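To start, the structure itself, in structure tokens.
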Amino acid sequence: MKNSYTVALAGNPNTGKSTLFNALTGLKQHTGNWAGKTVSLAEGKVEHKGKTVRIIDLPGTYSLFSNSTDEEVARNYIVFEKPDVTLVVLDATSLERNFNLALQVLEMTTNVIICINLIDEADKQGISINEKALTRKLGVPVIKISARNKTGFTLLLDTIDRIHTGKIVCTPEIIFYDEEIERKIRQIEPLVREYLEDSISSRWVALRLLDGDDSLFQQMEKRLLVKGG
Amino acid sequence: MQNGFQQKTSVSLGNLYAYAQEISDDHMRDKIVQNLYKKSQQLCESSVIHKNKKNDKRTEKLDAIFTSPIFGFPIMIIMLGIVFYLTIAGANIPSSMLATFFGWLENHLTAFFMYMNSPDWLHGILVLGLYRGTTWVISVMLPPMAIFFPTFALLENYGYLPRVAFNMDRIFKSVGAHGKQSLTMAMGFGCNAAAMLSSRIIESPRERMLAILTNNFVPCNGRWGTLIVLASLFMAAGYTGGLKSLVTTSVIVGIVMVGVIVTFIVSWVLSKTALKGVPTHYTLELPPYRRPKFFDTVIRSSLTKSLSVLSRAIKVAAPAAILTWVIANIYVGDTSILMYIVNFLDPFGKMLGLDGFILMAFLIGLPANEIVLPILLMGYLSTGSLTEVDNLVDLKQIFVEHGWTWLTALNMMLFSLLHFPCGTTLVNIYKETKSKKWTFLAFLIPTVIAITVTFTIAQTVYFLR
């Protein structure tokens with residue numbers, strides 16, 4: 001077993017993702033959400049159970065459809081760099097909107113933890129969240145934390161460790177679409193699987209193909225050339 | 001091979017992509033996103049409990065009305081109408097009070113200059129040029145701004161503007177532009193130059209360029225004065241009292257609609273030609289409706305905006321007013337420099353239903369649109385019969401004496417709406433795009449449109465006569 005592994009942080013802007021990153025790594029770093037800012041990724045380290053966890057702070061985005069450079073950077077990292085665990089940080093006070101990004105990540109990769117942040121704020125607003133029910137529905141761990149107050153960190157780090165060691169096996173719920181889209185996925189997905197084998201979720205690639213996301217395919221072709229197919 | 005992905009030779013990526021595009025359709029992204037949101041909603045319904053639902057319900061109910069596909073647009077136009085009506089009706093009295101006050105002060109200033117035995121040219125430059133030009137800008141611009149900006153700020157703070165963006169998104173997307181363009185457009189009502197900076201909220205360079213190139217088609221604070229004065233003088237001439245303000249309002253709303261429609265057309269044409277591409281998706285946060293802090297908003301926005309209008313008037317209007325006076329009073333042979341320019345521009349101006357004075361005013365007014373009307377008046381007044389402009393009736397008299405009809409007024413309003421952006425805006429466009437080519441296009445496109453539209457209208461009217 002490797003002595004170090006990577007965890008990527010994804011999330012909408014203003015969900016306290018950077019607060020969590022700073023609190024975990026002790027690295028003080030400001031990340032703004034303005035277009036055109038440098039897209040280099042902030043990286044920090046935390047020691048847990050004798051292992052080094054490298055934490056990568058992805059740009060805050062509302063989706064991963066490669067609308068902007070930020071979204072492309074975040075998507076490319078999750079799909080091509082394949083972090084051992086991807087942490088999706090959600091704002092507890094506006095879960096419905098935030099789930100959109102979480103669902104997109106669940107389509108892309110398997111080892112995901114849904115991290116519901118700002119739980120103190122949600123308590124104040126009278127919002128109660130049944131994380132056990134969500135865990136059952138989504139097939140991946142759902143954990144409530146407050147990055148500001150540093151609550152829930154032990155459970156979070158333990159869960160990351162357990163996923164890495166294979167004690168927890170993530171089985172992300174497949175999101176089924178309308179029959180029309182499902183029919184098209186069935187037409188495309190076998191071809192994708194033949195082409196990519198199991199290196200990337202073929203269902204996700206099929207959806208992106210249907211979506212006409214050419215920046216992803218430029219990226220795939222580039223990486224095929226580099227890796228020499 | 002680790003970490004990467006394998007490739008088999010039987011299918012190629014390009015073929016796969018082409019096949020997928022064949023069975024896909026234009027609305028695939030929308031459908032996918034809709035499915036994801038539906039799923040998100042289901043997840044939340046079963047696992048999240050809101051204990052105090054009251055606030056959420058209110059926002060939802062209001063959103064159902066304000067962003068409704070049926071009522072959304074009529075409500076928007078009515079809101080716009082109300083804001084303009086308040087502005088126009090409310091600004092009348094303070095405007096004429098200010099004009100009277102400045103006129104009274106001018107008489108005293110003139111008396112003072114006479115008393116000091118100062119030469120005519122000094123009185124001319126300082127009082128008839130600098131003072132008149134600047135006070136004109138202040139009395140015409142300040143009252144509408146002091147009403148328009150606080151009203152707009154109240155709507156914004158209440159949370160209505162994001163809903164406007166939401167409604168407009170559908171149209172902007174259908175013309176190939178970004179929904180956030182409606183926000184930069186709203187900024188443009190205040191100041192096009194500032195809106196150039198606000199276009200940074202659009203991530204995609206292509207869509208940002210669309211927003212930059214079309215922002216000029218919404219009238220900024222500097223052009224309101226011109227539009228309001230001309231609309232009330234010529235378009236609402238037959239009406240009095242409240243009805244007059246109402247007619248003026250409708251004309252202004254109509255002009256703004258023309259601007260918005262031109263924005264859509266230009267965005268559409270550009271996104272099919274020079275700036276090809278598909279609109280990107282984005283998430284627009286709709287904040288809950290909040291009762292704004294009334295006095296705080298009103299005082300802050302009217303004070304800061306009024307101050308900036310004043311300082312601009314002094315910074316830009318003053319030199320331009322002096323320049324106009326000087327060129328109107330330096331003679332080469334028996335014709336002033338101003339008249340040379342006017343006579344040179346006149347044939348072209350007439351083709352557009354305007355005249356040489358108007359085109360000259362737009363050219364000298366390049367630094368700031370606020371000064372176009374004052375320069376025009378100074379031009380007219382410098383050609384002989386020097387009338388005192390104490391009220392709007394006198395003002396109309398000056399225009400009519402120079403051959404104005406409703407057509408001249410309409411075309412001047414349209415030209416003002418559609419013509420090249422002001423100097424500050426052009427400088428900002430260059431700073432934002434770092435491209436001479438796009439800055440030049442930002443100048444050229446509106447100018448060509450303004451000329452084409454006014455030319456077509458003028459020639460049609462001439463033909464029908």
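Going through the structure tokens in order, the chains are called A, B, and so on, while each chain numbers its residues from 1 and the ligands are numbered from 1 in the order shown.
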
Which of segment 419-455 of chain B counts as alpha helix (DSSP H) under DSSP, as a PyMOL selection string please? chain B and resi 423-433+436-455

Within 6 Å of chain B, which residues of chain A are there when counting only C-alpha atoms? Please give them as a list in words. Ala35, Asn67, Ser68, Glu96, Phe99, Asn100, Gly126, Ile127, Ser128, Ile129, Asn130, Tyr195, Leu196, Ser199, Leu209, Leu210, Asp211 and Gly229 of chain A

Between B:Ala361, B:Ala450, B:Val140, B:Ile371, single out the one closest to Gly225 of chain B, counting only C-alpha atoms. B:Val140

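Near Val46 of chain A, within 8 Å and counting only C-alpha atoms, sit A:Leu24, A:Thr25, A:Thr52, A:Val53, A:Arg54, A:Ile55; same-chain residues fewer than 3 positions away were not included.
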
Take the residues from that selection and write them out as a PDB file, in the first residue's frame, keeping C-alpha atoms.
```
ATOM      1  CA  LEU A  24      -7.280  20.591   6.952  1.00  0.00           C
ATOM      2  CA  THR A  25      -3.862  21.521   5.635  1.00  0.00           C
ATOM      3  CA  THR A  52       0.384  11.554   3.900  1.00  0.00           C
ATOM      4  CA  VAL A  53      -2.840  12.798   2.373  1.00  0.00           C
ATOM      5  CA  ARG A  54      -2.219  15.244  -0.479  1.00  0.00           C
ATOM      6  CA  ILE A  55      -5.195  17.558  -0.772  1.00  0.00           C
TER       7      ILE A  55
END
```

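The space between atom CA of Leu155 of chain A and atom CA of Asn14 of chain A spans 22.8 Å.
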
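Interatomic distance, atom CA of Met145 of chain B to atom CA of Tyr160 of chain B: 19.9 Å.
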
Find the residues near Asp355 of chain B: any atom within 10 Å, counting only C-alpha atoms, skip ones fewer than 2 places away on the same chain, and give them as a list in words. Val342, Asn343, Leu345, Asp346, Pro347, Phe348, Gly349, Lys350, Met351, Leu352, Gly353, Phe357, Ile358, Leu359, Met360, His402, Gly403, Trp404, Thr408 and Met412 of chain B

Selection to disk with C-alpha atoms, as an mmCIF file, in the first residue's frame:
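Listing of part_1.cif after writing:
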```cif
data_model
loop_
_atom_site.group_PDB
_atom_site.id
_atom_site.type_symbol
_atom_site.label_atom_id
_atom_site.label_comp_id
_atom_site.auth_asym_id
_atom_site.auth_seq_id
_atom_site.Cartn_x
_atom_site.Cartn_y
_atom_site.Cartn_z
ATOM 1 C CA VAL B 342 -21.539 72.587 -39.971
ATOM 2 C CA ASN B 343 -21.775 73.427 -43.662
ATOM 3 C CA LEU B 345 -21.567 68.060 -42.517
ATOM 4 C CA ASP B 346 -24.934 69.500 -43.477
ATOM 5 C CA PRO B 347 -25.625 67.616 -46.749
ATOM 6 C CA PHE B 348 -24.860 64.295 -45.064
ATOM 7 C CA GLY B 349 -26.894 65.275 -41.998
ATOM 8 C CA LYS B 350 -29.894 66.123 -44.172
ATOM 9 C CA MET B 351 -29.737 62.665 -45.753
ATOM 10 C CA LEU B 352 -30.171 61.216 -42.285
ATOM 11 C CA GLY B 353 -33.036 63.571 -41.442
ATOM 12 C CA PHE B 357 -25.217 71.123 -36.304
ATOM 13 C CA ILE B 358 -26.477 67.848 -34.917
ATOM 14 C CA LEU B 359 -23.644 65.807 -36.439
ATOM 15 C CA MET B 360 -21.125 68.371 -35.229
ATOM 16 C CA HIS B 402 -33.669 75.672 -37.310
ATOM 17 C CA GLY B 403 -36.103 73.595 -39.290
ATOM 18 C CA TRP B 404 -36.783 70.808 -36.811
ATOM 19 C CA THR B 408 -35.535 65.473 -36.782
ATOM 20 C CA MET B 412 -31.736 62.449 -33.307
#
```

Would you pick out the contacts of segment 255-266 of chain B at 7 Å or less, using only C-alpha atoms, so that residues sharing its chain but fewer than 4 positions from it are not included, and give the list as a PDB file with C-alpha atoms, in the first residue's frame?
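Dumped to out_11.pdb:
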```
ATOM      1  CA  VAL B 175     -29.394  34.620 -30.154  1.00  0.00           C
ATOM      2  CA  THR B 214     -23.632  45.508 -27.984  1.00  0.00           C
ATOM      3  CA  PHE B 217     -27.367  50.047 -27.538  1.00  0.00           C
ATOM      4  CA  VAL B 218     -28.866  50.747 -24.148  1.00  0.00           C
ATOM      5  CA  VAL B 251     -41.813  57.027 -26.269  1.00  0.00           C
ATOM      6  CA  LEU B 270     -22.227  38.367 -34.691  1.00  0.00           C
ATOM      7  CA  LEU B 417     -29.385  55.580 -29.002  1.00  0.00           C
TER       8      LEU B 417
END
```

Ile82 of chain B surroundings by only C-alpha atoms, 10 Å radius, close-in-sequence under 3 positions cut, as a VMD selection string: chain B and resid 76 to 79 85 to 88 151 246 249 253

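Taking atom CA of Trp268 of chain B as the reference point, atom CA of Arg208 of chain B is found at 13.8 Å.
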
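Using only C-alpha atoms, the smallest distance between any of A:Ile56, A:Ala8, A:Ile174, A:Ile145 and Ile119 of chain A comes from A:Ile145.
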
Please provide the set of residues having any atom within 12 Å of segment 157-166 of chain A, restricted to only C-alpha atoms, with same-chain residues fewer than 2 positions apart removed, written as a ChimeraX atom specification. /A:1-9,20,24-25,46-55,83-87,110-115,140-143,145,150-155,168-171

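In terms of minimum interatomic distance to Ser382 of chain B, B:Trp325 ranks closest within B:Phe294, B:Tyr239, B:Tyr462, B:Trp325, counting only C-alpha atoms.
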
Closest of A:Leu58, A:Ala23, A:Ala147, A:Ala133 to Asp70 of chain A, counting only C-alpha atoms, is A:Leu58

From a DSSP pass on the backbone, collect the residues of segment 284-429 of chain B flagged as strand (DSSP E or B) and hand them back as a ChimeraX atom specification. /B:331-332,335-336

Export of the given selection (N, CA and C atoms) as an mmCIF file, in the first residue's frame:
```
data_model
loop_
_atom_site.group_PDB
_atom_site.id
_atom_site.type_symbol
_atom_site.label_atom_id
_atom_site.label_comp_id
_atom_site.auth_asym_id
_atom_site.auth_seq_id
_atom_site.Cartn_x
_atom_site.Cartn_y
_atom_site.Cartn_z
ATOM 1 N N TYR B 331 -13.371 83.614 -36.671
ATOM 2 C CA TYR B 331 -13.822 83.704 -38.051
ATOM 3 C C TYR B 331 -12.669 83.553 -39.014
ATOM 4 N N VAL B 332 -12.873 82.775 -40.039
ATOM 5 C CA VAL B 332 -11.935 82.727 -41.156
ATOM 6 C C VAL B 332 -12.718 83.317 -42.317
ATOM 7 N N THR B 335 -16.850 83.572 -42.218
ATOM 8 C CA THR B 335 -17.541 82.401 -41.674
ATOM 9 C C THR B 335 -16.748 81.848 -40.488
ATOM 10 N N SER B 336 -17.454 81.478 -39.426
ATOM 11 C CA SER B 336 -16.764 80.923 -38.268
ATOM 12 C C SER B 336 -16.335 79.480 -38.558
#
```
